[in-house]
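Text of coords_1.cif, listed as mmCIF, N, CA, C and O atoms:
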data_coords
#
loop_
_atom_site.label_atom_id
_atom_site.label_comp_id
_atom_site.auth_asym_id
_atom_site.auth_seq_id
_atom_site.Cartn_x
_atom_site.Cartn_y
_atom_site.Cartn_z
N MET A 1 -50.77 39.39 12.21
CA MET A 1 -52.01 40.12 12.05
C MET A 1 -52.77 39.56 10.85
O MET A 1 -52.18 39.30 9.80
N ASP A 2 -54.03 39.37 11.01
CA ASP A 2 -54.88 38.86 9.94
C ASP A 2 -55.17 39.98 8.95
O ASP A 2 -55.82 40.97 9.29
N PRO A 3 -54.70 39.88 7.68
CA PRO A 3 -54.92 40.96 6.71
C PRO A 3 -56.39 41.14 6.35
O PRO A 3 -56.77 42.16 5.80
N LYS A 4 -57.24 40.14 6.67
CA LYS A 4 -58.66 40.26 6.38
C LYS A 4 -59.44 40.88 7.53
O LYS A 4 -60.62 41.16 7.41
N ALA A 5 -58.77 41.06 8.64
CA ALA A 5 -59.45 41.59 9.81
C ALA A 5 -59.73 43.09 9.66
O ALA A 5 -59.01 43.80 8.97
N GLU A 6 -60.78 43.52 10.35
CA GLU A 6 -61.09 44.94 10.37
C GLU A 6 -60.21 45.64 11.38
O GLU A 6 -59.76 45.04 12.36
N ASN A 7 -59.95 46.92 11.17
CA ASN A 7 -59.20 47.73 12.12
C ASN A 7 -60.09 48.00 13.34
O ASN A 7 -61.28 47.69 13.34
N GLU A 8 -59.51 48.61 14.35
CA GLU A 8 -60.25 48.91 15.57
C GLU A 8 -61.49 49.75 15.30
O GLU A 8 -62.50 49.64 15.99
N ASP A 9 -61.44 50.59 14.28
CA ASP A 9 -62.56 51.47 13.98
C ASP A 9 -63.59 50.82 13.05
O ASP A 9 -64.51 51.47 12.56
N GLY A 10 -63.44 49.51 12.77
CA GLY A 10 -64.40 48.80 11.94
C GLY A 10 -64.16 48.93 10.45
O GLY A 10 -64.94 48.43 9.64
N MET A 11 -63.08 49.59 10.06
CA MET A 11 -62.77 49.76 8.64
C MET A 11 -61.97 48.55 8.14
O MET A 11 -61.32 47.86 8.92
N MET A 12 -62.00 48.34 6.84
CA MET A 12 -61.24 47.24 6.25
C MET A 12 -59.75 47.47 6.39
O MET A 12 -59.29 48.60 6.27
N GLY A 13 -59.01 46.40 6.64
CA GLY A 13 -57.57 46.48 6.72
C GLY A 13 -56.95 46.42 5.33
O GLY A 13 -57.63 46.18 4.34
N GLY A 14 -55.64 46.57 5.26
CA GLY A 14 -54.87 46.67 4.03
C GLY A 14 -55.26 45.79 2.86
O GLY A 14 -55.76 46.27 1.85
N SER A 15 -55.05 44.48 2.96
CA SER A 15 -55.30 43.59 1.83
C SER A 15 -56.75 43.58 1.40
O SER A 15 -57.05 43.54 0.21
N VAL A 16 -57.66 43.60 2.34
CA VAL A 16 -59.08 43.57 2.00
C VAL A 16 -59.45 44.83 1.24
O VAL A 16 -60.16 44.78 0.23
N MET A 17 -58.95 45.97 1.68
CA MET A 17 -59.28 47.22 1.02
C MET A 17 -58.73 47.24 -0.42
O MET A 17 -59.45 47.58 -1.36
N ILE A 18 -57.50 46.86 -0.59
CA ILE A 18 -56.88 46.85 -1.92
C ILE A 18 -57.62 45.88 -2.84
O ILE A 18 -57.91 46.20 -4.00
N ASN A 19 -57.94 44.69 -2.35
CA ASN A 19 -58.65 43.71 -3.18
C ASN A 19 -60.05 44.19 -3.53
O ASN A 19 -60.54 43.94 -4.63
N THR A 20 -60.70 44.89 -2.62
CA THR A 20 -62.03 45.43 -2.90
C THR A 20 -61.96 46.50 -3.98
O THR A 20 -62.75 46.50 -4.92
N ILE A 21 -61.00 47.38 -3.87
CA ILE A 21 -60.81 48.43 -4.89
C ILE A 21 -60.48 47.79 -6.23
O ILE A 21 -61.04 48.18 -7.27
N ALA A 22 -59.61 46.81 -6.24
CA ALA A 22 -59.23 46.14 -7.49
C ALA A 22 -60.43 45.45 -8.13
O ALA A 22 -60.59 45.48 -9.36
N SER A 23 -61.31 44.87 -7.32
CA SER A 23 -62.50 44.22 -7.86
C SER A 23 -63.43 45.22 -8.51
O SER A 23 -64.00 44.95 -9.57
N VAL A 24 -63.58 46.37 -7.89
CA VAL A 24 -64.44 47.41 -8.46
C VAL A 24 -63.88 47.91 -9.78
O VAL A 24 -64.61 48.10 -10.76
N LEU A 25 -62.57 48.10 -9.84
CA LEU A 25 -61.94 48.63 -11.05
C LEU A 25 -61.79 47.59 -12.16
O LEU A 25 -61.56 47.95 -13.31
N SER A 26 -61.93 46.31 -11.81
CA SER A 26 -61.69 45.27 -12.81
C SER A 26 -62.68 45.36 -13.98
O SER A 26 -62.34 45.00 -15.09
N GLY A 27 -63.88 45.86 -13.73
CA GLY A 27 -64.84 46.02 -14.83
C GLY A 27 -64.32 46.98 -15.89
O GLY A 27 -64.48 46.74 -17.09
N LEU A 28 -63.69 48.05 -15.46
CA LEU A 28 -63.11 49.01 -16.39
C LEU A 28 -61.96 48.38 -17.17
O LEU A 28 -61.85 48.56 -18.38
N VAL A 29 -61.13 47.64 -16.48
CA VAL A 29 -60.01 46.97 -17.13
C VAL A 29 -60.53 45.98 -18.18
O VAL A 29 -60.00 45.91 -19.28
N GLU A 30 -61.58 45.24 -17.84
CA GLU A 30 -62.16 44.28 -18.78
C GLU A 30 -62.66 44.99 -20.04
O GLU A 30 -62.46 44.52 -21.15
N LEU A 31 -63.29 46.14 -19.87
CA LEU A 31 -63.79 46.90 -21.00
C LEU A 31 -62.64 47.36 -21.89
O LEU A 31 -62.69 47.24 -23.11
N LEU A 32 -61.59 47.88 -21.29
CA LEU A 32 -60.45 48.39 -22.06
C LEU A 32 -59.66 47.27 -22.72
O LEU A 32 -58.94 47.51 -23.68
N ALA A 33 -59.79 46.05 -22.21
CA ALA A 33 -59.04 44.91 -22.75
C ALA A 33 -59.83 44.15 -23.81
O ALA A 33 -59.42 43.08 -24.23
N ALA A 34 -60.95 44.70 -24.27
CA ALA A 34 -61.70 44.05 -25.34
C ALA A 34 -60.77 43.88 -26.54
O ALA A 34 -60.02 44.80 -26.89
N PRO A 35 -60.79 42.70 -27.19
CA PRO A 35 -59.80 42.41 -28.23
C PRO A 35 -59.64 43.49 -29.30
O PRO A 35 -58.52 43.90 -29.59
N LYS A 36 -60.72 43.96 -29.92
CA LYS A 36 -60.59 44.94 -30.99
C LYS A 36 -60.07 46.28 -30.47
O LYS A 36 -59.23 46.92 -31.10
N LEU A 37 -60.58 46.71 -29.33
CA LEU A 37 -60.19 48.00 -28.78
C LEU A 37 -58.71 48.03 -28.42
O LEU A 37 -57.98 48.93 -28.82
N CYS A 38 -58.24 47.02 -27.71
CA CYS A 38 -56.84 47.06 -27.30
C CYS A 38 -55.90 46.74 -28.45
O CYS A 38 -54.77 47.20 -28.46
N ASP A 39 -56.35 45.99 -29.47
CA ASP A 39 -55.47 45.69 -30.61
C ASP A 39 -55.08 46.97 -31.34
O ASP A 39 -53.93 47.12 -31.75
N LYS A 40 -56.00 47.91 -31.47
CA LYS A 40 -55.69 49.18 -32.12
C LYS A 40 -54.59 49.92 -31.36
O LYS A 40 -53.71 50.52 -31.96
N SER A 41 -54.64 49.86 -30.04
CA SER A 41 -53.70 50.60 -29.20
C SER A 41 -52.31 49.97 -29.16
O SER A 41 -51.32 50.66 -29.07
N ILE A 42 -52.26 48.65 -29.20
CA ILE A 42 -50.99 47.96 -28.95
C ILE A 42 -50.28 47.43 -30.19
O ILE A 42 -49.11 47.07 -30.11
N LYS A 43 -50.96 47.40 -31.32
CA LYS A 43 -50.37 46.79 -32.52
C LYS A 43 -49.00 47.37 -32.85
O LYS A 43 -48.04 46.65 -33.08
N GLY A 44 -48.88 48.69 -32.87
CA GLY A 44 -47.60 49.32 -33.20
C GLY A 44 -46.53 49.07 -32.15
O GLY A 44 -45.37 48.82 -32.48
N ILE A 45 -46.92 49.11 -30.91
CA ILE A 45 -45.97 48.89 -29.81
C ILE A 45 -45.45 47.46 -29.83
O ILE A 45 -44.25 47.21 -29.75
N PHE A 46 -46.38 46.50 -29.95
CA PHE A 46 -45.97 45.10 -29.88
C PHE A 46 -45.17 44.66 -31.10
O PHE A 46 -44.50 43.64 -31.07
N SER A 47 -45.21 45.41 -32.19
CA SER A 47 -44.39 45.06 -33.35
C SER A 47 -42.92 45.36 -33.09
O SER A 47 -42.04 44.92 -33.83
N LYS A 48 -42.62 46.10 -32.02
CA LYS A 48 -41.24 46.50 -31.69
C LYS A 48 -40.59 45.65 -30.60
O LYS A 48 -39.43 45.82 -30.30
N VAL A 49 -41.36 44.74 -29.99
CA VAL A 49 -40.82 43.95 -28.88
C VAL A 49 -40.88 42.46 -29.21
O VAL A 49 -41.62 42.02 -30.09
N ASP A 50 -40.08 41.67 -28.49
CA ASP A 50 -40.04 40.22 -28.72
C ASP A 50 -41.21 39.50 -28.05
O ASP A 50 -41.71 38.51 -28.56
N ILE A 51 -41.61 39.98 -26.88
CA ILE A 51 -42.68 39.34 -26.11
C ILE A 51 -43.69 40.40 -25.71
O ILE A 51 -43.32 41.46 -25.20
N ALA A 52 -44.97 40.11 -25.93
CA ALA A 52 -46.04 41.05 -25.61
C ALA A 52 -46.63 40.73 -24.25
O ALA A 52 -47.07 39.61 -24.01
N GLY A 53 -46.62 41.71 -23.34
CA GLY A 53 -47.18 41.52 -22.01
C GLY A 53 -48.67 41.78 -22.02
O GLY A 53 -49.13 42.84 -22.41
N TYR A 54 -49.44 40.80 -21.60
CA TYR A 54 -50.90 40.87 -21.60
C TYR A 54 -51.46 40.81 -20.19
O TYR A 54 -52.41 40.09 -19.92
N ASN A 55 -50.89 41.55 -19.28
CA ASN A 55 -51.40 41.54 -17.92
C ASN A 55 -52.83 42.03 -17.89
O ASN A 55 -53.14 43.09 -18.44
N TYR A 56 -53.68 41.26 -17.26
CA TYR A 56 -55.12 41.55 -17.14
C TYR A 56 -55.81 41.64 -18.49
O TYR A 56 -56.90 42.17 -18.60
N GLY A 57 -55.23 41.07 -19.53
CA GLY A 57 -55.83 41.12 -20.85
C GLY A 57 -56.29 39.76 -21.35
O GLY A 57 -56.28 39.49 -22.54
N HIS A 58 -56.69 38.88 -20.43
CA HIS A 58 -57.02 37.51 -20.81
C HIS A 58 -58.16 37.41 -21.82
O HIS A 58 -58.25 36.45 -22.55
N LYS A 59 -59.01 38.41 -21.90
CA LYS A 59 -60.12 38.38 -22.87
C LYS A 59 -59.59 38.49 -24.31
O LYS A 59 -60.28 38.14 -25.25
N ALA A 60 -58.37 38.99 -24.48
CA ALA A 60 -57.82 39.20 -25.81
C ALA A 60 -56.94 38.05 -26.28
O ALA A 60 -56.60 37.98 -27.46
N TYR A 61 -56.55 37.14 -25.41
CA TYR A 61 -55.59 36.10 -25.78
C TYR A 61 -55.99 35.36 -27.06
O TYR A 61 -55.20 35.27 -27.99
N GLN A 62 -57.19 34.81 -27.10
CA GLN A 62 -57.58 33.95 -28.21
C GLN A 62 -57.65 34.74 -29.53
O GLN A 62 -57.08 34.32 -30.53
N LYS A 63 -58.33 35.87 -29.53
CA LYS A 63 -58.46 36.66 -30.76
C LYS A 63 -57.11 37.18 -31.23
O LYS A 63 -56.79 37.13 -32.42
N HIS A 64 -56.30 37.68 -30.32
CA HIS A 64 -55.00 38.21 -30.72
C HIS A 64 -54.09 37.11 -31.24
O HIS A 64 -53.27 37.35 -32.12
N HIS A 65 -54.23 35.91 -30.70
CA HIS A 65 -53.45 34.79 -31.24
C HIS A 65 -53.89 34.48 -32.68
O HIS A 65 -53.04 34.21 -33.54
N GLU A 66 -55.20 34.56 -32.94
CA GLU A 66 -55.69 34.33 -34.30
C GLU A 66 -55.18 35.43 -35.24
O GLU A 66 -54.77 35.15 -36.36
N TRP A 67 -55.24 36.68 -34.80
CA TRP A 67 -54.84 37.81 -35.63
C TRP A 67 -53.33 37.94 -35.79
O TRP A 67 -52.84 38.45 -36.79
N HIS A 68 -52.58 37.51 -34.78
CA HIS A 68 -51.11 37.65 -34.76
C HIS A 68 -50.50 36.32 -34.29
O HIS A 68 -49.97 36.23 -33.18
N PRO A 69 -50.56 35.28 -35.12
CA PRO A 69 -50.14 33.95 -34.68
C PRO A 69 -48.66 33.83 -34.29
O PRO A 69 -48.29 32.93 -33.55
N ASN A 70 -47.82 34.74 -34.75
CA ASN A 70 -46.39 34.67 -34.42
C ASN A 70 -46.02 35.48 -33.18
O ASN A 70 -44.87 35.48 -32.77
N ARG A 71 -46.98 36.18 -32.61
CA ARG A 71 -46.71 37.01 -31.42
C ARG A 71 -46.58 36.11 -30.19
O ARG A 71 -47.40 35.25 -29.94
N ILE A 72 -45.52 36.30 -29.44
CA ILE A 72 -45.36 35.60 -28.16
C ILE A 72 -46.03 36.45 -27.09
O ILE A 72 -45.68 37.62 -26.91
N MET A 73 -47.01 35.87 -26.43
CA MET A 73 -47.78 36.60 -25.42
C MET A 73 -47.54 35.99 -24.04
O MET A 73 -47.42 34.78 -23.90
N VAL A 74 -47.48 36.87 -23.04
CA VAL A 74 -47.35 36.40 -21.67
C VAL A 74 -48.22 37.29 -20.78
O VAL A 74 -48.31 38.49 -20.99
N GLY A 75 -48.88 36.66 -19.84
CA GLY A 75 -49.68 37.40 -18.86
C GLY A 75 -49.23 36.98 -17.48
O GLY A 75 -49.61 35.92 -17.00
N THR A 76 -48.38 37.78 -16.86
CA THR A 76 -47.86 37.42 -15.54
C THR A 76 -48.78 37.87 -14.41
O THR A 76 -48.60 37.48 -13.28
N GLU A 77 -49.75 38.70 -14.74
CA GLU A 77 -50.75 39.13 -13.77
C GLU A 77 -52.12 38.95 -14.42
O GLU A 77 -52.30 39.23 -15.59
N THR A 78 -53.07 38.46 -13.65
CA THR A 78 -54.41 38.27 -14.17
C THR A 78 -55.39 38.27 -13.01
O THR A 78 -54.99 38.23 -11.85
N HIS A 79 -56.66 38.30 -13.32
CA HIS A 79 -57.68 38.26 -12.27
C HIS A 79 -57.70 36.84 -11.69
O HIS A 79 -57.69 35.86 -12.44
N PRO A 80 -57.74 36.71 -10.37
CA PRO A 80 -57.72 35.38 -9.76
C PRO A 80 -58.81 34.45 -10.30
O PRO A 80 -58.59 33.26 -10.45
N THR A 81 -59.97 34.99 -10.63
CA THR A 81 -61.05 34.15 -11.13
C THR A 81 -60.78 33.62 -12.54
O THR A 81 -61.44 32.69 -12.99
N ALA A 82 -59.81 34.17 -13.26
CA ALA A 82 -59.51 33.75 -14.62
C ALA A 82 -58.29 32.84 -14.71
O ALA A 82 -57.98 32.35 -15.79
N ILE A 83 -57.61 32.61 -13.61
CA ILE A 83 -56.37 31.83 -13.64
C ILE A 83 -56.58 30.43 -14.23
O ILE A 83 -55.83 30.00 -15.09
N TYR A 84 -57.61 29.73 -13.78
CA TYR A 84 -57.83 28.38 -14.26
C TYR A 84 -58.05 28.34 -15.77
O TYR A 84 -57.47 27.52 -16.47
N ASP A 85 -58.89 29.24 -16.28
CA ASP A 85 -59.18 29.28 -17.71
C ASP A 85 -57.94 29.61 -18.53
O ASP A 85 -57.77 29.10 -19.63
N ASN A 86 -57.09 30.47 -18.00
CA ASN A 86 -55.88 30.84 -18.74
C ASN A 86 -54.90 29.69 -18.79
O ASN A 86 -54.16 29.55 -19.72
#
structure tokens encoding of this file:
Amino acid sequence: MDPKAENEDGMMGGSVMINTIASVLSGLVELLAAPKLCDKSIKGIFSKVDIAGYNYGHKAYQKHHEWHPNRIMVGTETHPTAIYDN
């Protein structure tokens, strides 16, 4: 079955619907991942772990590396349009 195909009733099928919803919500995620805003939230947490997970936080990579040069950062999930830049 083609995951991009519409259902019999003309509605979006599984993958298309999920990707559409994720695209709409990505603007909110981008806002919350602004370097200064998210640094306030995560500074205490990330001081307790060996590796900091930055899923969908690619906008913060460069600034957080400058502010915390010894922090090991990993982003195992990201927006498909940002993969090349990351």
What does the PyMOL selection byres ((chain A and resi 70-72) around 4.5) select in this file, as an MDAnalysis selection string? chainID A and resid 50:52 68:69 73:74
What residues come out when you apply the PyMOL selection byres (((chain A and resi 85 and name CA) around 12) and name CA) to this file, written as number ranges by chain? A: 58-59, 61-62, 78-84, 86
Among range 12-85 of chain A, which residues does DSSP mark as strand (DSSP E or B) when it is run on the backbone? Keep the chain and numbering as in the structure and answer as number ranges by chain. A: 12, 51-53, 72-74
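The shortest atom-to-atom distance to Lys40 in chain A, with only C-alpha atoms taken into account, belongs to A:Ala60 out of A:Ala60, A:Asn55, A:Gly75, A:Gly27.
When atom C of Gly57 in chain A is paired with CA of Ile21 in chain A, their separation reads 19.1 Å.
The space between CA of Pro35 in chain A and CA of Gly53 in chain A spans 14.1 Å.
What separates atom C of Val24 in chain A from CA of His64 in chain A is a distance of 24.7 Å.
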